[in-house]
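Colleague: Mind looking over this structure? Questions follow.
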Amino acid sequence: MTSAQVDNGQADGPQAVDAPAGEGYQRGLGARQIQMIAIGGAIGTGLFLGAGKAIDRAGPSLILAYAIAGLVIFFIMRALGELLMYRPVSGSFSEYAREFLGPFFGFVTGWTYWLFWVVTGITEVTAAATYMTYWWDIPQWLSALVFTVILYGANLISVKLFGELEFWFSMVKVTAILGMILICAGVLTIGFSDAGDTATVSNLWNDGGFFPQGIGGTLMTLQIVMFAFLAVELVGVTAGESKGPKTVLPKAINTVPWRIAVFYVGALIMILSVVPWSTFKPGVSPFVAAFEEMGLGIGAAIVNFVVLTAALSSCNSGMYSTGRMLRDLAINGQGPKAFTKLTKNGLPLAGTTFSAALMLVGVWINYQWPGDAFNYVVSFATISGMWAWIMILVCQIRYRAKADRGELPQSSFKAPGAPYSSWFALAFIGLVIVMMAIDKDARISLYCAPLWGLILGVSFLVLKARNPENKAFAKR
């Protein structure tokens with residue numbers, strides 16, 4: 001048993017399944033770092049940049065979309081928390097899918113989540129290189145290369161260094177949003193800046209109403225809203241390397257409601273009160289636009305630094321998670337054995353190196369062919385990320401049923417309202433997928449998903465045929 005399982009203190013009844021033998025990770029992530037990883041996972045370029053397009057589509061009703069989606073994210077995270085307290089392991093998503101749904105789903109989940117972070121890493125490091133041109137006229141490929149090498153090196157020194165980088169990346173994002181909220185509050189109450197005379201809370205309903213584009217416009221933003229929340233589940237991947245996961249992880253997960261209330265709902269209420277929603281345009285950060293409307297030109301430079309930090313944070317998380325997911329697959333016989341090896345510091349060198357190399361290839365592809373073909377690949381990130389959420393919810397439903405029958409130990413951190421809350425979250429994700437199918441800009445990701453599923457299905461059958469005696473391909 002892992003140390004976290006020993007801490008569970010359950011002497012009677014069914015025993016939790018042990019983590020894979022030889023997991024071998026060092027518990028180098030402390031409470032401070034886990035809290036900030038959890039906070040930072042919910043704040044990314046989807047908020048700083050993507051919200052501009054969503055505001056244009058939905059107007060002030062975007063606030064409601066974020067609030068409802070935030071509730072769904074909370075249900076997902078509490079479902080994950082229940083599973084983590086039952087069995088905290090690194091690579092948790094594929095492990096739970098393997099246990100509760102079978103080896104094929106574990107195989108698909110592990111490789112899909114790995115691909116999600118590789119694709120995300122490619123886009124984010126490229127975005128970071130683009131942001132650098134705001135200050136200096138340097139080749140984009142050079143910045144992308146430097147960022148990738150630095151983050152790769154940091155992830156190979158120690159898990160503690162990864163945690164420290166994420167801590168400070170998250171601090172920058174949190175400070176920026178809180179600063180924006182305070183400035184907007186000052187404009188609304190004191191009336192300073194160029195927007196002081198027109199700033200009013202009534203901007204939330206005066207310009208065409210709260211639903212200026214209708215309910216349909218609000219529904220069409222759901223995929224943008226959910227994309228903004230992708231990576232919030234990263235805290236689950238840290239379970240195998242957290243100090244005192246039985247205490248730290250529940251606290252981090254329980255911060256989800258106020259994180260979303262402050263950083264998404266609160267920030268949008270303040271921005272849309274100070275600046276009418278019709279002012280914002282797609283492709284322009286609402287934070288930049290708000291600063292410009294207030295006559296605070298320095299805000300553009302500040303926001304550029306923040307989105308650069310957000311991009312590097314996402315790429316850093318990709319470096320971290322891809323190596324763990326590949327090792328989890330390899331340990332279970334569903335990936336190359338070379339990925340099982342750890343450095344003396346307990347880091348998955350081979351998996352991280354392989355993933356970082358692919359990220360570099362992606363940067364090169366983006367440099368050579370920055371057209372639609374690359375964008376089609378990038379669009380797969382949303383649907384692949386939501387697959388992890390679906391697996392979390394389905395596994396929690398299966399686990400709770402077994403625990404209630406006495407076949408497995410009860411978790412010390414039960415999801416409230418489950419299984420009904422999990423079913424509600426699944427239905428909401430289904431609605432988002434329907435909206436993606438309707439939206440021509442997002443539809444391409446649904447075309448990519450069956451192709452990826454076919455590749456994984458064939459690969460699984462080939463591996464199973466080559467290793468008929470391997471228990472990794474037999475349902476538990």
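Ligands are numbered from 1 in the order shown, chains are lettered A, B, ... in the order of the structure tokens, and residues start at 1 in each chain.
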For range 192-294 of chain A against range 426-448 of chain A, with a cut-off of 9 Å and counting only C-alpha atoms, what is the closest atom pair and its distance in Å to one decimal for every residue that makes the cut, ordered by chain and number, as a tab-separated table?
Modeller:
residue	atom	partner	partner_atom	distance
A:Leu219	CA	A:Met435	CA	7.1
A:Met220	CA	A:Met435	CA	5.9
A:Thr221	CA	A:Met435	CA	8.4
A:Leu222	CA	A:Val432	CA	5.9
A:Gln223	CA	A:Val432	CA	5.8
A:Met226	CA	A:Val432	CA	8.1
Colleague: Write the residues you've just listed into a file as a PDB file, in the first residue's frame, and include N, CA and C atoms for each of them.
Modeller:
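selection-v1.pdb, written as the output of this step:
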ATOM      1  N   LEU A 219     -25.932  29.355 -25.070  1.00  0.00           N
ATOM      2  CA  LEU A 219     -25.625  27.930 -25.198  1.00  0.00           C
ATOM      3  C   LEU A 219     -24.430  27.690 -26.116  1.00  0.00           C
ATOM      4  N   MET A 220     -24.299  28.510 -27.146  1.00  0.00           N
ATOM      5  CA  MET A 220     -23.200  28.324 -28.097  1.00  0.00           C
ATOM      6  C   MET A 220     -21.841  28.671 -27.503  1.00  0.00           C
ATOM      7  N   THR A 221     -21.840  29.306 -26.340  1.00  0.00           N
ATOM      8  CA  THR A 221     -20.551  29.617 -25.698  1.00  0.00           C
ATOM      9  C   THR A 221     -20.080  28.507 -24.767  1.00  0.00           C
ATOM     10  N   LEU A 222     -20.902  27.480 -24.585  1.00  0.00           N
ATOM     11  CA  LEU A 222     -20.572  26.463 -23.579  1.00  0.00           C
ATOM     12  C   LEU A 222     -19.246  25.773 -23.859  1.00  0.00           C
ATOM     13  N   GLN A 223     -18.950  25.506 -25.160  1.00  0.00           N
ATOM     14  CA  GLN A 223     -17.683  24.838 -25.441  1.00  0.00           C
ATOM     15  C   GLN A 223     -16.501  25.738 -25.127  1.00  0.00           C
ATOM     16  N   MET A 226     -16.230  25.659 -21.240  1.00  0.00           N
ATOM     17  CA  MET A 226     -15.649  24.412 -20.734  1.00  0.00           C
ATOM     18  C   MET A 226     -14.172  24.311 -21.085  1.00  0.00           C
TER      19      MET A 226
END
Colleague: Find the residues near Phe100 in chain A: any atom within 8 Å, counting only C-alpha atoms, skip ones fewer than 5 places away on the same chain, and give them as a list in words.
Modeller: Cys395, Arg398 and Tyr399 of chain A
Colleague: Write the residues you've just listed into a file as an mmCIF file, in the first residue's frame, and include C-alpha atoms for each of them.
Modeller:
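Result written to part-v2.cif:
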data_model
loop_
_atom_site.group_PDB
_atom_site.id
_atom_site.type_symbol
_atom_site.label_atom_id
_atom_site.label_comp_id
_atom_site.auth_asym_id
_atom_site.auth_seq_id
_atom_site.Cartn_x
_atom_site.Cartn_y
_atom_site.Cartn_z
ATOM 1 C CA CYS A 395 -15.847 5.662 -12.573
ATOM 2 C CA ARG A 398 -19.348 2.660 -10.547
ATOM 3 C CA TYR A 399 -17.204 3.014 -7.443
#
Colleague: What does the distance from CA of Gly209 in chain A to CA of Gly59 in chain A come to in Å, to one decimal?
Modeller: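 CA of Gly59 in chain A lies at a distance of 8.7 Å from CA of Gly209 in chain A.
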Colleague: Could you produce a table of the residues of range 222-324 of chain A lying within 12 Å of range 329-339 of chain A, with the nearest pair of atoms per residue and their separation in Å rounded to one decimal, using only C-alpha atoms, ordered by chain and increasing residue number, as a Markdown table?
Modeller:
| residue | atom | partner | partner_atom | distance |
| --- | --- | --- | --- | --- |
| A:Thr322 | CA | A:Leu329 | CA | 10.7 |
| A:Gly323 | CA | A:Phe339 | CA | 7.9 |
| A:Arg324 | CA | A:Leu329 | CA | 8.7 |
Colleague: Would you mind reading off the distance between CA of Ala58 in chain A and CA of Pro212 in chain A, one decimal, in Å?
Modeller: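 Interatomic distance, CA of Ala58 in chain A to CA of Pro212 in chain A: 6.8 Å.
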Colleague: Please, which residues in range 125-231 of chain A fall within 8 Å of range 352-363 of chain A when counting only C-alpha atoms, and what is the closest atom pair and distance in Å to one decimal for each, ordered by chain then residue number, as CSV?
Modeller:
residue,atom,partner,partner_atom,distance
A:Val125,CA,A:Val363,CA,7.6
A:Thr126,CA,A:Val363,CA,6.1
A:Trp141,CA,A:Val363,CA,7.1
A:Ala144,CA,A:Val363,CA,7.0
A:Leu145,CA,A:Leu360,CA,7.1
A:Thr148,CA,A:Ala356,CA,7.3
A:Tyr152,CA,A:Ala356,CA,6.7
Colleague: Excluding same-chain residues fewer than 2 positions from Tyr131 in chain A, what lies within 8 Å of it counting only C-alpha atoms, as an MDAnalysis selection string?
Modeller: chainID A and resid 127:129 133:134 304:305 307:308
Colleague: Counting only C-alpha atoms, what are the residues of range 283-392 of chain A within 12 Å of range 156-159 of chain A, and for each of them which pair of atoms is the nearest and at what distance in Å, to one decimal? Sort the table by chain and rising number, as a Markdown table.
Modeller:
| residue | atom | partner | partner_atom | distance |
| --- | --- | --- | --- | --- |
| A:Asn316 | CA | A:Val159 | CA | 11.5 |
| A:Ser317 | CA | A:Val159 | CA | 11.3 |
| A:Met319 | CA | A:Leu156 | CA | 9.6 |
| A:Tyr320 | CA | A:Val159 | CA | 8.4 |
| A:Ser321 | CA | A:Val159 | CA | 11.2 |
| A:Gly323 | CA | A:Leu156 | CA | 10.4 |
| A:Arg324 | CA | A:Val159 | CA | 11.3 |
| A:Leu342 | CA | A:Leu156 | CA | 10.3 |
| A:Thr343 | CA | A:Leu156 | CA | 8.4 |
| A:Lys344 | CA | A:Ser158 | CA | 9.8 |
| A:Asn345 | CA | A:Ser158 | CA | 6.3 |
| A:Gly346 | CA | A:Ser158 | CA | 7.9 |
| A:Leu347 | CA | A:Leu156 | CA | 6.5 |
| A:Pro348 | CA | A:Leu156 | CA | 8.1 |
| A:Leu349 | CA | A:Leu156 | CA | 6.8 |
| A:Ala350 | CA | A:Leu156 | CA | 10.3 |
| A:Gly351 | CA | A:Leu156 | CA | 10.9 |
| A:Thr352 | CA | A:Leu156 | CA | 8.1 |
| A:Thr353 | CA | A:Leu156 | CA | 9.1 |
| A:Ala356 | CA | A:Leu156 | CA | 11.3 |
Colleague: If you measure from CA of Ser422 in chain A to CA of Gly217 in chain A, what distance in Å do you get, rounded to one decimal?
Modeller: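 Answer for the CA of Ser422 in chain A to CA of Gly217 in chain A separation: 26.0 Å.
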Colleague: Identify which of the residues A:Gly417, A:Tyr66, A:Gly406, A:Glu124 lies closest to Val262 in chain A, counting only C-alpha atoms when measuring atom-to-atom distances.
Modeller: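 Between A:Gly417, A:Tyr66, A:Gly406, A:Glu124, the residue approaching Val262 in chain A most closely is A:Tyr66.
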Colleague: Choose the residue, out of A:Phe147, A:Val306, A:Ile253, A:Pro276, that has the smallest atom-to-atom separation from Ile122 in chain A; count only C-alpha atoms.
Modeller: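 Nearest to Ile122 in chain A: A:Phe147.
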Colleague: Nearest to Tyr113 in chain A among A:Met325, A:Ala465, A:Val225, A:Leu454, with distances taken over only C-alpha atoms: which residue is it?
Modeller: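 Ranking A:Met325, A:Ala465, A:Val225, A:Leu454 by distance to Tyr113 in chain A, first place goes to A:Met325.
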Colleague: Among the residues of range 160-283 of chain A, find those DSSP assigns to alpha helix (DSSP H) from the backbone and print them as a ChimeraX atom specification.
Modeller: /A:160-189,203-206,214-219,222-229,234-237,245-253,256-260,267-274
Colleague: Taking 3 positions as the minimum chain separation for residues in the same chain, which residues sit within 9 Å of Ala418 in chain A when counting only C-alpha atoms? Answer as a VMD selection string.
Modeller: chain A and resid 75 79 396 to 397 400 414 to 415 421 to 423
Colleague: Could you write those residues out with N, CA, C and O atoms, as a compact mmCIF listing (two decimals), in the first residue's frame?
Modeller:
# COMPACT_ATOMS: atom_id res chain seq x y z
N PHE A 75 -18.79 19.42 -9.33
CA PHE A 75 -19.26 18.05 -9.24
C PHE A 75 -18.20 17.07 -9.77
O PHE A 75 -17.97 16.01 -9.20
N ALA A 79 -16.23 14.32 -7.53
CA ALA A 79 -16.22 12.91 -7.95
C ALA A 79 -14.78 12.40 -7.99
O ALA A 79 -14.48 11.28 -7.53
N GLN A 396 -16.66 7.20 -10.86
CA GLN A 396 -17.18 7.51 -9.53
C GLN A 396 -18.54 6.86 -9.31
O GLN A 396 -18.83 6.35 -8.22
N ILE A 397 -19.37 6.85 -10.34
CA ILE A 397 -20.69 6.20 -10.24
C ILE A 397 -20.52 4.70 -9.99
O ILE A 397 -21.19 4.13 -9.12
N ARG A 400 -19.06 4.20 -6.38
CA ARG A 400 -20.03 4.43 -5.31
C ARG A 400 -21.00 3.24 -5.20
O ARG A 400 -21.35 2.82 -4.09
N LYS A 414 -16.69 11.86 0.31
CA LYS A 414 -17.77 11.53 -0.62
C LYS A 414 -18.24 12.76 -1.40
O LYS A 414 -18.32 13.85 -0.86
N ALA A 415 -18.57 12.52 -2.66
CA ALA A 415 -19.11 13.58 -3.51
C ALA A 415 -20.54 13.89 -3.09
O ALA A 415 -21.37 12.98 -3.01
N SER A 421 -25.53 13.98 -8.84
CA SER A 421 -24.69 15.10 -9.28
C SER A 421 -23.78 14.68 -10.43
O SER A 421 -23.54 15.47 -11.36
N SER A 422 -23.30 13.44 -10.39
CA SER A 422 -22.44 12.95 -11.47
C SER A 422 -23.24 12.76 -12.76
O SER A 422 -22.76 13.05 -13.86
N TRP A 423 -24.47 12.26 -12.64
CA TRP A 423 -25.32 12.11 -13.81
C TRP A 423 -25.65 13.47 -14.41
O TRP A 423 -25.70 13.63 -15.65
Colleague: For Ile392 in chain A, please output as a PyMOL selection string all residues within 9 Å (counting only C-alpha atoms; exclusion window: fewer than 3 positions along the same chain).
Modeller: chain A and resi 76-77+79-80+83+93+96-97+387-389+395-397
Colleague: Write out as a ChimeraX atom specification each polymer residue whose atoms come within 8 Å of Thr309 in chain A, counting only C-alpha atoms; drop sequence neighbours fewer than 6 positions from it.
Modeller: /A:128,169,172-173
Colleague: Nearest residue to Gly299 in chain A out of A:Phe287, A:Leu84, A:Ile390, A:Phe104, using only C-alpha atoms?
Modeller: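 Among A:Phe287, A:Leu84, A:Ile390, A:Phe104, it is A:Phe287 that comes nearest to Gly299 in chain A.
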Colleague: Between A:Gly266, A:Gly70, A:Pro468, A:Gly283, which one has atoms that come closest to Ile177 in chain A, using only C-alpha atoms?
Modeller: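 With only C-alpha atoms as the atom set, the closest residue is A:Gly266.
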